[in-house]
>>> print(open('work26.csv').read())   # CSV, C-alpha atoms
chain,number,residue,atom,x,y,z
S,1,LYS,CA,-13.8,-1.1,12.6
S,2,ILE,CA,-14.5,-2.1,16.2
S,3,GLY,CA,-16.3,0.3,18.5
S,4,GLY,CA,-15.8,3.2,16.1
S,5,GLU,CA,-12.1,2.6,15.9
S,6,TRP,CA,-10.1,1.1,13.1
S,7,GLN,CA,-8.2,-2.0,14.1
S,8,ILE,CA,-5.3,-3.7,12.4
S,9,ILE,CA,-5.6,-7.5,12.6
S,10,GLN,CA,-2.8,-9.5,10.9
S,11,ASN,CA,-3.9,-12.6,9.0
S,12,GLU,CA,-1.8,-15.4,10.5
S,13,ASP,CA,-4.2,-18.2,9.5
S,14,GLY,CA,-2.2,-21.2,8.4
S,15,MET,CA,1.1,-19.7,9.6
S,16,PRO,CA,2.9,-22.0,12.1
S,17,LYS,CA,4.4,-20.6,15.2
S,18,LEU,CA,8.1,-21.0,14.6
S,19,ARG,CA,10.5,-22.4,17.2
S,20,VAL,CA,13.6,-24.5,17.4
S,21,SER,CA,13.0,-28.0,18.7
S,22,PRO,CA,14.4,-28.5,22.2
S,23,TYR,CA,15.9,-31.8,20.9
S,24,TYR,CA,18.7,-29.8,19.2
S,25,ARG,CA,19.6,-28.0,22.4
S,26,LYS,CA,20.0,-31.5,24.0
S,27,VAL,CA,22.1,-32.6,21.1
S,28,LEU,CA,24.3,-29.5,21.6
S,29,ALA,CA,24.7,-30.2,25.3
S,30,GLY,CA,25.6,-33.8,24.6
S,31,ALA,CA,28.0,-33.1,21.7
S,32,GLY,CA,31.3,-34.8,22.2
S,33,SER,CA,33.9,-32.8,20.2
S,34,LYS,CA,34.5,-29.1,20.0
S,35,GLU,CA,33.9,-29.1,16.2
S,36,ASP,CA,30.5,-30.8,16.7
S,37,ARG,CA,29.5,-28.2,19.3
S,38,THR,CA,30.6,-25.3,17.1
S,39,TYR,CA,28.7,-26.8,14.1
S,40,ILE,CA,25.5,-27.4,16.0
S,41,LYS,CA,25.7,-23.9,17.8
S,42,GLU,CA,26.1,-22.2,14.4
S,43,LYS,CA,23.0,-23.9,13.1
S,44,LEU,CA,21.0,-23.1,16.2
S,45,ASP,CA,22.1,-19.4,16.0
S,46,SER,CA,21.2,-19.3,12.4
S,47,ALA,CA,17.7,-20.8,13.1
S,48,ASP,CA,17.2,-18.3,16.0
S,49,PHE,CA,18.2,-15.4,13.7
S,50,LEU,CA,15.8,-16.5,10.9
S,51,ILE,CA,12.9,-16.8,13.4
S,52,LYS,CA,13.6,-13.3,14.9
S,53,SER,CA,13.9,-11.8,11.4
S,54,ILE,CA,10.5,-13.2,10.4
S,55,TYR,CA,8.8,-11.8,13.6
S,56,LYS,CA,10.6,-8.5,13.1
S,57,ARG,CA,9.3,-8.3,9.5
S,58,GLN,CA,5.7,-8.9,10.8
S,59,ALA,CA,6.2,-6.2,13.4
S,60,THR,CA,7.4,-3.8,10.6
S,61,ILE,CA,4.4,-4.6,8.4
S,62,TYR,CA,2.2,-3.8,11.4
S,63,LYS,CA,3.9,-0.5,12.0
S,64,VAL,CA,3.7,0.4,8.3
S,65,VAL,CA,0.0,-0.4,8.1
S,66,LYS,CA,-0.6,1.6,11.3
S,67,CYS,CA,1.1,4.6,9.7
S,68,ILE,CA,-1.0,4.2,6.5
S,69,LEU,CA,-4.1,4.0,8.6
S,70,LYS,CA,-3.2,7.2,10.4
S,71,ARG,CA,-2.2,9.1,7.2
S,72,GLN,CA,-5.1,7.8,5.1
S,73,HIS,CA,-7.8,7.9,7.8
S,74,ASP,CA,-10.2,9.9,5.5
S,75,PHE,CA,-9.9,7.3,2.8
S,76,PHE,CA,-11.0,4.5,5.2
S,77,GLU,CA,-13.9,6.7,6.5
S,78,HIS,CA,-15.1,8.2,3.2
S,79,GLY,CA,-13.6,6.3,0.2
S,80,LEU,CA,-11.4,6.8,-2.9
S,81,ASP,CA,-11.9,10.6,-3.4
S,82,HIS,CA,-10.3,11.1,0.0
S,83,LEU,CA,-7.1,9.3,-0.7
S,84,LYS,CA,-4.1,11.6,0.1
S,85,PRO,CA,-0.8,11.7,-1.7
S,86,MET,CA,1.8,9.7,0.1
S,87,VAL,CA,5.3,8.5,-0.8
S,88,LEU,CA,7.5,5.8,0.7
S,89,ARG,CA,9.7,8.5,2.4
S,90,ASP,CA,6.7,9.7,4.4
S,91,VAL,CA,6.1,6.3,6.0
S,92,ALA,CA,9.8,5.4,6.3
S,93,ASP,CA,10.5,8.6,8.3
S,94,GLU,CA,7.6,8.0,10.6
S,95,VAL,CA,8.4,4.2,11.1
S,96,GLU,CA,12.1,5.0,11.3
S,97,VAL,CA,13.2,2.5,8.7
S,98,HIS,CA,14.8,2.9,5.2
S,99,GLU,CA,12.6,3.6,2.2
S,100,SER,CA,13.7,0.3,0.6
S,101,THR,CA,12.4,-1.5,3.7
S,102,VAL,CA,8.9,0.1,3.3
S,103,SER,CA,9.1,-0.8,-0.4
S,104,ARG,CA,9.8,-4.5,0.4
S,105,VAL,CA,7.2,-4.7,3.2
S,106,THR,CA,4.4,-3.3,1.0
S,107,SER,CA,5.2,-5.4,-2.0
S,108,SER,CA,2.8,-8.2,-2.6
S,109,LYS,CA,1.1,-7.6,0.7
S,110,TYR,CA,-2.7,-6.9,0.8
S,111,LEU,CA,-5.1,-5.1,3.1
S,112,GLN,CA,-8.8,-5.9,3.4
S,113,CYS,CA,-11.1,-3.1,4.3
S,114,PRO,CA,-14.6,-1.9,3.4
S,115,HIS,CA,-13.3,-0.5,0.1
S,116,GLY,CA,-12.0,-3.9,-1.0
S,117,ILE,CA,-8.8,-5.9,-1.0
S,118,LEU,CA,-6.0,-3.5,-1.8
S,119,GLU,CA,-2.3,-4.0,-2.3
S,120,LEU,CA,-0.4,-1.8,0.2
S,121,LYS,CA,1.4,-0.2,-2.7
S,122,PHE,CA,-2.0,1.2,-3.7
S,123,PHE,CA,-1.8,3.8,-0.9
S,124,PHE,CA,1.4,5.4,-2.3
S,125,SER,CA,0.7,7.9,-5.1
S,126,SER,CA,1.9,11.3,-6.1
S,127,GLY,CA,-0.3,14.3,-5.8
S,128,VAL,CA,-1.4,17.4,-7.7
S,129,GLN,CA,-1.3,20.7,-5.7
S,130,GLN,CA,-4.7,22.4,-5.6
S,131,ALA,CA,-5.4,26.2,-5.4
S,132,SER,CA,-6.2,25.7,-1.7
S,133,GLY,CA,-2.6,24.6,-1.2
S,134,GLU,CA,-3.6,21.1,-0.3
S,135,ASP,CA,-2.4,18.1,-2.5
S,136,LEU,CA,-4.9,15.8,-4.0
S,137,SER,CA,-3.9,12.2,-4.7
S,138,ALA,CA,-3.5,11.1,-8.4
S,139,VAL,CA,-5.7,8.1,-7.6
S,140,ALA,CA,-8.5,10.4,-6.4
S,141,ILE,CA,-8.2,12.5,-9.5
S,142,LYS,CA,-8.3,9.4,-11.7
S,143,ASN,CA,-11.4,8.3,-9.9
S,144,LYS,CA,-13.1,11.6,-10.6
S,145,ILE,CA,-12.1,11.5,-14.3
S,146,ARG,CA,-13.5,7.9,-14.5
S,147,GLY,CA,-16.7,9.1,-12.9
S,148,LEU,CA,-17.1,12.0,-15.3
S,149,ILE,CA,-16.4,9.8,-18.4
S,150,GLY,CA,-18.8,7.1,-17.0
S,151,GLY,CA,-21.6,9.6,-16.9
S,152,GLU,CA,-21.0,11.2,-20.3
S,153,SER,CA,-23.3,11.0,-23.3
S,154,PRO,CA,-22.1,8.4,-25.8
S,155,VAL,CA,-23.1,10.7,-28.6
S,156,LYS,CA,-21.2,13.6,-27.2
S,157,PRO,CA,-18.3,12.4,-25.1
S,158,LEU,CA,-16.3,14.8,-23.0
S,159,SER,CA,-13.1,16.2,-24.4
S,160,ASP,CA,-10.0,16.4,-22.1
S,161,GLN,CA,-10.6,20.2,-21.9
S,162,THR,CA,-14.2,19.7,-20.9
S,163,ILE,CA,-13.1,17.3,-18.2
S,164,VAL,CA,-10.6,20.0,-16.9
S,165,ALA,CA,-13.5,22.5,-16.7
S,166,SER,CA,-15.7,19.9,-14.9
S,167,LEU,CA,-13.0,19.1,-12.4
S,168,GLU,CA,-12.6,22.8,-11.8
S,169,GLU,CA,-16.3,23.0,-10.9
S,170,LEU,CA,-15.6,20.1,-8.4
S,171,GLY,CA,-12.8,22.2,-6.9
S,172,VAL,CA,-10.0,20.1,-8.5
S,173,HIS,CA,-7.3,22.0,-10.4
S,174,CYS,CA,-5.7,19.9,-13.0
S,175,ALA,CA,-3.9,20.7,-16.3
S,176,ARG,CA,-5.3,19.3,-19.6
S,177,ARG,CA,-2.1,17.3,-20.3
S,178,THR,CA,-2.5,15.7,-16.8
S,179,VAL,CA,-6.1,14.7,-17.5
S,180,ALA,CA,-4.9,13.2,-20.8
S,181,LYS,CA,-2.0,11.3,-19.1
S,182,TYR,CA,-4.4,9.9,-16.4
S,183,ARG,CA,-7.0,9.0,-18.9
S,184,GLU,CA,-4.5,7.1,-21.0
S,185,ALA,CA,-3.1,5.4,-17.9
S,186,MET,CA,-6.6,4.1,-17.1
S,187,GLY,CA,-6.9,2.7,-20.7
S,188,ILE,CA,-9.6,5.2,-21.7
S,189,LEU,CA,-9.6,6.3,-25.3
S,190,PRO,CA,-9.8,10.0,-26.3
S,191,SER,CA,-13.3,11.5,-26.9
S,192,SER,CA,-13.0,11.2,-30.7
S,193,LYS,CA,-12.6,7.4,-30.3
S,194,ARG,CA,-15.3,7.1,-27.6
S,195,LYS,CA,-18.0,8.7,-29.7
S,196,ARG,CA,-21.0,6.6,-30.9
S,197,LEU,CA,-23.1,7.7,-33.8
S,198,PHE,CA,-26.3,5.9,-32.5
>>> encode(input="work26.csv", output="structure tokens")
Amino acid sequence: KIGGEWQIIQNEDGMPKLRVSPYYRKVLAGAGSKEDRTYIKEKLDSADFLIKSIYKRQATIYKVVKCILKRQHDFFEHGLDHLKPMVLRDVADEVEVHESTVSRVTSSKYLQCPHGILELKFFFSSGVQQASGEDLSAVAIKNKIRGLIGGESPVKPLSDQTIVASLEELGVHCARRTVAKYREAMGILPSSKRKRLF
């Protein structure tokens, strides 16, 4: 965040600036036979295409991150509870590329922000519709469940139904089976297995 505005800075440390050596252009100009010229020109065209493809991929990554930043502004400002549901199609439509391109661009790419280093795929999650009509991200709901369980009494752990009631008090509408599914996905045991006798 610079001057109150979020900035996207691509990490290009250690990445060389790609270019084709002028030597090969000279070789092309001095090539004797037509076959030699054709061969060298094909290789130069192939190298130019590769370089343009790499820079185009970098530009696409930038556009995708810019879209994520715009759509998930509340997350960057306020944290995990403000993560909105977002699917690949949302970003693909806005950036005007195919969903598979967004999937490739976000795979094994990371973003560093005040909330940690996160894989770009982290920002894509389904949502659960709330009574207000607004969708709440599955990641945000999992975070709330984790918080409730983290603050429970070890002698009397919260049942899934109690978690549902506690979420309702927080304004989050969620079915018991959804709570169970999210709890299991986070590797948290059911209340009967979390109970400690002393």
>>> closest_residue(input="work26.csv", among="S:Arg196, S:Lys43, S:Arg37, S:His82", to="Val20 in chain S", atoms="all atoms listed in the file")
S:Lys43
>>> residues_near_point(input="work26.csv", point="(-6.0, 12.4, -1.0)", cutoff="12 Å", atoms="all atoms listed in the file", output="VMD selection string")
chain S and resid 71 to 76 78 to 87 123 to 130 134 to 144 172
>>> atom_distance(input="work26.csv", atom1="CA of Leu88 in chain S", atom2="CA of Cys174 in chain S")
23.7 Å
>>> residues_around(input="work26.csv", residues="Ser191 in chain S", least_positions_apart="2", cutoff="12 Å", atoms="only C-alpha atoms", output="list in words")
Ile149, Glu152, Ser153, Pro154, Val155, Lys156, Pro157, Leu158, Ser159, Asp160, Gln161, Thr162, Ile163, Ala180, Arg183, Glu184, Ile188, Leu189, Lys193, Arg194, Lys195 and Arg196 of chain S
>>> residues_around(input="work26.csv", residues="Arg89 in chain S", least_positions_apart="5", cutoff="10 Å", atoms="all atoms listed in the file", output="list in words")
Glu94, Val95, Glu96, Val97, His98, Glu99, Ser100, Val102 and Ser103 of chain S
>>> atom_distance(input="work26.csv", atom1="CA of Trp6 in chain S", atom2="CA of Tyr110 in chain S")
16.4 Å
>>> atom_distance(input="work26.csv", atom1="CA of Ala29 in chain S", atom2="CA of Lys56 in chain S")
28.6 Å
>>> residues_near_point(input="work26.csv", point="(1.0, -2.6, -2.3)", cutoff="7 Å", atoms="only C-alpha atoms", output="list in words")
Thr106, Ser107, Ser108, Lys109, Tyr110, Glu119, Leu120, Lys121 and Phe122 of chain S
